[in-house]
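Worksheet: one structure, shown below.
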Amino acid sequence: MSKWLDNAVFYEIYPQSFNDTNADGIGDFQGIIEKLDYIKELGCNAIWINPCFLSPFGDAGYDVADYCRVAPRYGTNEDLKRVFEEAHKRDMHVLLDLVPGHTSVEHPWFKESMKADRNEFTDRYVWTNNVWEAPEGMGSLRGISERDGACAINFFSNQPALNYGFYQPDPEKPWQQSFDDEGPQATLAAMEDVMRFWLNMGCDGFRVDMAGSLVKNDQEGKGTIRLWQQVRKFLDAEFPDAAMVSEWGEPDKSLQGGFHMDFLLHFGPSHYNDLFRCDEPFFSKRGKGDISEFVETYKTNYNKTAQKGLICIPSGNHDMDRLARRLQGDELKIAFAFLLSMPGAPFIYYGDEIGMRYVEGLKSVEGGYNRTGSRSPMQWDDSTNAGFSSAPASDLYITMDPGKDRPTAKAQMADPDSLYHEVKKLIEIRQSSKALLSRGTIEFVYAEKNQYPLAYVREAEGEKVLVIINPSDKEQSFPYSAELKDALYTIGGKAESKDGTITIPAQSAGFYHI
């Protein structure tokens with residue numbers, strides 16, 4: 001087990017939008033190296049870099065054309081190796097984004113698989129045996145080559161699905177292979193080779209894209225769990241310290257598969273969107289939100305994982321609206337008080353620490369569509385292009401936030417009352433408290449339907465911390481008997497405990513030893 005995950009606070013870097021050092025309008029590896037000290041000063045000690053491999057960028061790099069070569073627009077393999085080395089010098093760790101479910105149509109594997117004559121890659125992707133037969137329940141590509149068959153796709157039509165087999169192959173469809181068949185096993189071996197390549201280069205592990213979707217017709221995830229258990233054996237034998245974080249959304253399955261932690265997804269059953277991204281978010285000061293269903297789902301997952309699993313709650317990511325699209329001012333600070341006091345490793349999406357906004361009305365860039373507004377360049381200072389790039393504005397990969405009042409890292413670092421300083425303070429407090437770290441237990445003590453506040457107790461090694469979160473613009477109270485000792489953190493005023501009731505001021509949050 002990677003011990004460093006116990007106190008990890010991650011910073012997600014979308015490389016094309018982070019920092020451009022060669023004036024081509026696109027971020028690069030040297031730009032990441034330049035800003036490692038900024039990330040460390042904020043308090044983050046781990047980084048997740050979105051896909052940076054060779055790609056035609058039909059889906060922002062989630063359509064890989066070569067897993068072992070980086071995209072030249074970011075630099076060279078040697079440059080990425082330097083990112084690892086420079087991060088390690090600062091006691092930081094780096095996860096790469098592994099996309100094992102599909103490749104680009106430009107990947108050499110796919111070009112070989114399109115040939116009519118049988119070859120090493122004929123079974124690398126999910127192909128039917130007849131161009132008129134589409135794989136059930138999936139999109140497909142057909143009529144694209146001399147090969148008689150239709151190839152399944154996972155998302156966009158430029159992302160053919162790699163073949164890891166079917167959980168229960170249909171005997172009447174001989175093209176449906178079992179996970180144990182030669183083709184799926186060769187696919188998995190090839191993906192292990194990719195992992196081996198980057199781990200030997202100095203990478204510390206992987207965030208795995210759509211990890212729960214590899215084996216097809218696998219409703220309960222049993223086949224995919226077995227696949228990842230096979231990967232876990234390989235890692236335990238060769239790279240026991242490699243960290244594995246899944247985008248699965250079902251922590252009980254992910255952890256069974258050998259992952260160390262799992263992301264809560266913004267789609268599916270987690271109710272994550274109830275927090276920050278719905279018409280009435282719980283963290284809005286209007287106080288019309290509901291966190292109860294989120295908490296119930298969280299508790300179910302937490303208990304299923306024998307309370308050992310790390311469930312990651314991100315501030316946001318490249319696929320969802322910016323946190324600041326619906327929350328402003330102290331709402332954002334209180335949201336971070338929650339994010340940085342929950343179990344599991346927190347993930348901060350670049351720019352969320354300064355309240356970067358969703359840029360409205362942008363045309364889709366590299367398959368971003370409605371996600372494009374959350375991928376605008378990082379705003380460093382008040383110089384040209386907010387310090388992101390010295391290229392002409394027309395050459396920028398995505399348009400900057402055009403607002404004259406757009407937040408910048410420089411301005412926020414100079415303002416002690418800024419969101420940046422609140423996030424930095426919260427990370428420091430988290431790191432100083434065993435109870436608040438990733439593995440401290442959690443017990444929810446107040447999370448009622450359509451009610452405020454939210455309250456929970458974190459505990460580890462004899463330390464107990466009561467966390468009370470009240471985003472609403474009204475004073476709130478709840479029944480709980482505890483003596484509030486010293487306050488580790490407060491914003492918006494202190495809570496009071498009297499006669500079995502705790503009262504907390506409007507728009508406030510606090511962490512108290514009990």
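We name chains A, B, ... following the order of the structure tokens; residues begin at 1 in each chain, and ligands are numbered from 1 as shown.
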Using only C-alpha atoms, what does the table of region 333-447 of chain A residues within 12 Å of region 290-294 of chain A look like, with each row giving the shortest atom pair and its distance in Å to one decimal, sorted by chain and ascending number, as CSV?
residue,atom,partner,partner_atom,distance
A:Phe444,CA,A:Ser292,CA,10.4
A:Val445,CA,A:Ser292,CA,11.6
A:Tyr446,CA,A:Ser292,CA,9.1
A:Ala447,CA,A:Ser292,CA,5.4
Please save C-alpha atoms of the selected residues as a PDB file, in the first residue's frame.
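The new file out.pdb reads:
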ATOM      1  CA  PHE A 444     -22.425  11.696  10.459  1.00  0.00           C
ATOM      2  CA  VAL A 445     -24.293  13.205  13.391  1.00  0.00           C
ATOM      3  CA  TYR A 446     -26.655  15.557  11.534  1.00  0.00           C
ATOM      4  CA  ALA A 447     -27.635  15.341   7.857  1.00  0.00           C
TER       5      ALA A 447
END
Give the strand (DSSP E or B) residues of region 5-175 of chain A, as DSSP finds them on the backbone, and put them as JSON, numbers by chain.
{"A": [10, 11, 12, 13, 46, 47, 48, 49, 53, 54, 66, 67, 68, 69, 70, 93, 94, 95, 96, 97, 98, 102, 125, 127, 139, 140, 141, 142, 150, 151, 152, 153, 160, 161, 162, 166]}
Requested write-out: C-alpha atoms of the selected residues, as a PDB file, in the first residue's frame:
ATOM      1  CA  PHE A  10      -4.004  16.183  -5.040  1.00  0.00           C
ATOM      2  CA  TYR A  11      -3.880  18.992  -7.579  1.00  0.00           C
ATOM      3  CA  GLU A  12      -5.334  18.123 -10.985  1.00  0.00           C
ATOM      4  CA  ILE A  13      -3.418  19.618 -13.902  1.00  0.00           C
ATOM      5  CA  ALA A  46       0.463  15.090  -5.201  1.00  0.00           C
ATOM      6  CA  ILE A  47      -0.465  15.794  -8.812  1.00  0.00           C
ATOM      7  CA  TRP A  48      -2.759  14.118 -11.313  1.00  0.00           C
ATOM      8  CA  ILE A  49      -1.907  15.048 -14.913  1.00  0.00           C
ATOM      9  CA  PHE A  53       0.203  10.984 -24.661  1.00  0.00           C
ATOM     10  CA  LEU A  54       0.366  11.204 -28.440  1.00  0.00           C
ATOM     11  CA  ASP A  66       0.613   5.946 -28.657  1.00  0.00           C
ATOM     12  CA  TYR A  67       0.650   5.177 -24.927  1.00  0.00           C
ATOM     13  CA  CYS A  68       4.446   5.305 -24.653  1.00  0.00           C
ATOM     14  CA  ARG A  69       5.112   8.618 -26.368  1.00  0.00           C
ATOM     15  CA  VAL A  70       3.998  12.000 -25.108  1.00  0.00           C
ATOM     16  CA  HIS A  93       4.048  12.414  -6.193  1.00  0.00           C
ATOM     17  CA  VAL A  94       2.667  12.276  -9.735  1.00  0.00           C
ATOM     18  CA  LEU A  95      -0.157  10.177 -11.173  1.00  0.00           C
ATOM     19  CA  LEU A  96      -0.627   9.890 -14.919  1.00  0.00           C
ATOM     20  CA  ASP A  97      -4.051   9.421 -16.486  1.00  0.00           C
ATOM     21  CA  LEU A  98      -4.361   5.929 -17.952  1.00  0.00           C
ATOM     22  CA  HIS A 102     -10.270   2.627 -25.891  1.00  0.00           C
ATOM     23  CA  TYR A 125     -10.665  -4.435 -30.237  1.00  0.00           C
ATOM     24  CA  TRP A 127     -15.255  -6.475 -33.558  1.00  0.00           C
ATOM     25  CA  GLY A 139     -22.203   2.429 -30.897  1.00  0.00           C
ATOM     26  CA  SER A 140     -20.025   1.082 -33.667  1.00  0.00           C
ATOM     27  CA  LEU A 141     -17.839   1.852 -36.663  1.00  0.00           C
ATOM     28  CA  ARG A 142     -18.532  -0.047 -39.858  1.00  0.00           C
ATOM     29  CA  ALA A 150     -18.386  -3.649 -37.004  1.00  0.00           C
ATOM     30  CA  CYS A 151     -16.106  -2.290 -34.272  1.00  0.00           C
ATOM     31  CA  ALA A 152     -17.622  -1.187 -30.954  1.00  0.00           C
ATOM     32  CA  ILE A 153     -16.928   2.351 -29.733  1.00  0.00           C
ATOM     33  CA  PRO A 160     -12.813   2.166 -30.661  1.00  0.00           C
ATOM     34  CA  ALA A 161     -13.278  -0.127 -27.653  1.00  0.00           C
ATOM     35  CA  LEU A 162     -10.353  -2.298 -26.644  1.00  0.00           C
ATOM     36  CA  PHE A 166     -17.330 -10.349 -22.233  1.00  0.00           C
TER      37      PHE A 166
END
Using only C-alpha atoms, what table do you get, as a tab-separated table, when you list each residue of region 269-359 of chain A with an atom no more than 9 Å from region 490-497 of chain A, its nearest pair of atoms, and their distance in Å rounded to one decimal, rows by chain then rising number?
residue	atom	partner	partner_atom	distance
A:Asp330	CA	A:Gly492	CA	8.7
A:Lys333	CA	A:Ile491	CA	8.3
A:Ile334	CA	A:Ile491	CA	7.7
A:Ala337	CA	A:Ile491	CA	8.9
Nearest residue to Val9 (chain A) out of A:Pro251, A:Pro174, A:Pro346, A:Gly31, using only C-alpha atoms?
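Selected residue with least distance to Val9 (chain A): A:Pro346.
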Counting only C-alpha atoms, figure out which residue out of A:Gln16, A:Thr103, A:Gln230, A:Gln30 gets nearest to Glu86 (chain A).
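Closest to Glu86 (chain A) of all the choices is A:Gln30.
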With distances taken over only C-alpha atoms, which of A:Ile26, A:Val215, A:Val423, A:Ile469 is nearest to Ile39 (chain A)?
A:Val423
Hey, what's within 12 Å of Asp218 (chain A) if we count only C-alpha atoms and toss same-chain stuff fewer than 3 positions away? As a ChimeraX atom specification, please?
/A:164-169,178-179,212-215,221-227
Using only C-alpha atoms, determine which residues lie at most 9 Å from Ala460 (chain A), disregarding the query and same-chain residues fewer than 6 positions distant; provide the list as a short mmCIF file (atom, residue, chain, number, x, y, z; two decimals) with N, CA and C atoms, in the first residue's frame.
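Final file, out-v3.cif:
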data_model
loop_
_atom_site.label_atom_id
_atom_site.label_comp_id
_atom_site.auth_asym_id
_atom_site.auth_seq_id
_atom_site.Cartn_x
_atom_site.Cartn_y
_atom_site.Cartn_z
N SER A 433 -3.77 17.33 11.72
CA SER A 433 -4.73 16.57 12.52
C SER A 433 -4.85 15.13 12.00
N LYS A 434 -4.51 14.16 12.84
CA LYS A 434 -4.65 12.76 12.44
C LYS A 434 -6.09 12.44 12.08
N ALA A 435 -7.03 13.01 12.84
CA ALA A 435 -8.45 12.72 12.63
C ALA A 435 -8.93 13.17 11.26
N LEU A 436 -8.38 14.28 10.76
CA LEU A 436 -8.86 14.86 9.50
C LEU A 436 -8.18 14.27 8.26
N LEU A 437 -7.14 13.47 8.46
CA LEU A 437 -6.45 12.90 7.31
C LEU A 437 -7.31 11.83 6.63
N ARG A 439 -7.50 8.66 6.34
CA ARG A 439 -7.96 7.41 6.94
C ARG A 439 -8.69 7.58 8.26
N GLY A 440 -8.84 8.81 8.76
CA GLY A 440 -9.64 9.01 9.95
C GLY A 440 -11.08 8.56 9.68
N THR A 441 -11.74 7.98 10.68
CA THR A 441 -13.12 7.52 10.48
C THR A 441 -14.07 8.70 10.43
#
Ala487 (chain A): which residues within 9 Å, counting only C-alpha atoms, same-chain residues fewer than 2 positions away excluded, as a PyMOL selection string?
chain A and resi 484-485+489-490+494+510-513
With a distance cut-off of 6 Å and only C-alpha atoms, select the neighbouring residues of Glu475 (chain A), excluding the residue or stretch itself and same-chain residues fewer than 5 positions from it, and output the selection as a list in words.
Ile504, Pro505 and Ala506 of chain A
Could those selected residues go to a file with C-alpha atoms, as a tab-separated table (two decimals), in the first residue's frame?
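Output saved as out.tsv:
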chain	number	residue	atom	x	y	z
A	504	ILE	CA	-23.97	27.68	14.50
A	505	PRO	CA	-24.06	31.16	12.88
A	506	ALA	CA	-25.23	31.81	9.33
Judged by only C-alpha atoms, the minimum distance to Leu264 (chain A) among A:Thr372, A:Ser315, A:Ser157, A:Ser284 is found for A:Ser315
Surrounding residues of Asp473 (chain A) excluding itself and chain neighbours under 6 positions, 7 Å, only C-alpha atoms, as a list of chain:residue names
A:Lys285, A:Arg286, A:Gly287, A:Ala506, A:Gln507
Export N, CA and C atoms of the chosen residues as a PDB file, in the first residue's frame?
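Written file, selection_11.pdb:
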ATOM      1  N   LYS A 285     -25.859  29.831  -0.285  1.00  0.00           N
ATOM      2  CA  LYS A 285     -26.342  30.514   0.926  1.00  0.00           C
ATOM      3  C   LYS A 285     -27.857  30.632   0.956  1.00  0.00           C
ATOM      4  N   ARG A 286     -28.523  30.340  -0.172  1.00  0.00           N
ATOM      5  CA  ARG A 286     -29.986  30.388  -0.174  1.00  0.00           C
ATOM      6  C   ARG A 286     -30.582  29.349   0.772  1.00  0.00           C
ATOM      7  N   GLY A 287     -29.811  28.314   1.067  1.00  0.00           N
ATOM      8  CA  GLY A 287     -30.248  27.335   2.057  1.00  0.00           C
ATOM      9  C   GLY A 287     -31.419  26.483   1.617  1.00  0.00           C
ATOM     10  N   ALA A 506     -24.996  31.857  10.769  1.00  0.00           N
ATOM     11  CA  ALA A 506     -25.229  31.806   9.334  1.00  0.00           C
ATOM     12  C   ALA A 506     -23.902  31.812   8.588  1.00  0.00           C
ATOM     13  N   GLN A 507     -23.880  31.129   7.459  1.00  0.00           N
ATOM     14  CA  GLN A 507     -22.701  31.056   6.580  1.00  0.00           C
ATOM     15  C   GLN A 507     -21.412  30.879   7.364  1.00  0.00           C
TER      16      GLN A 507
END
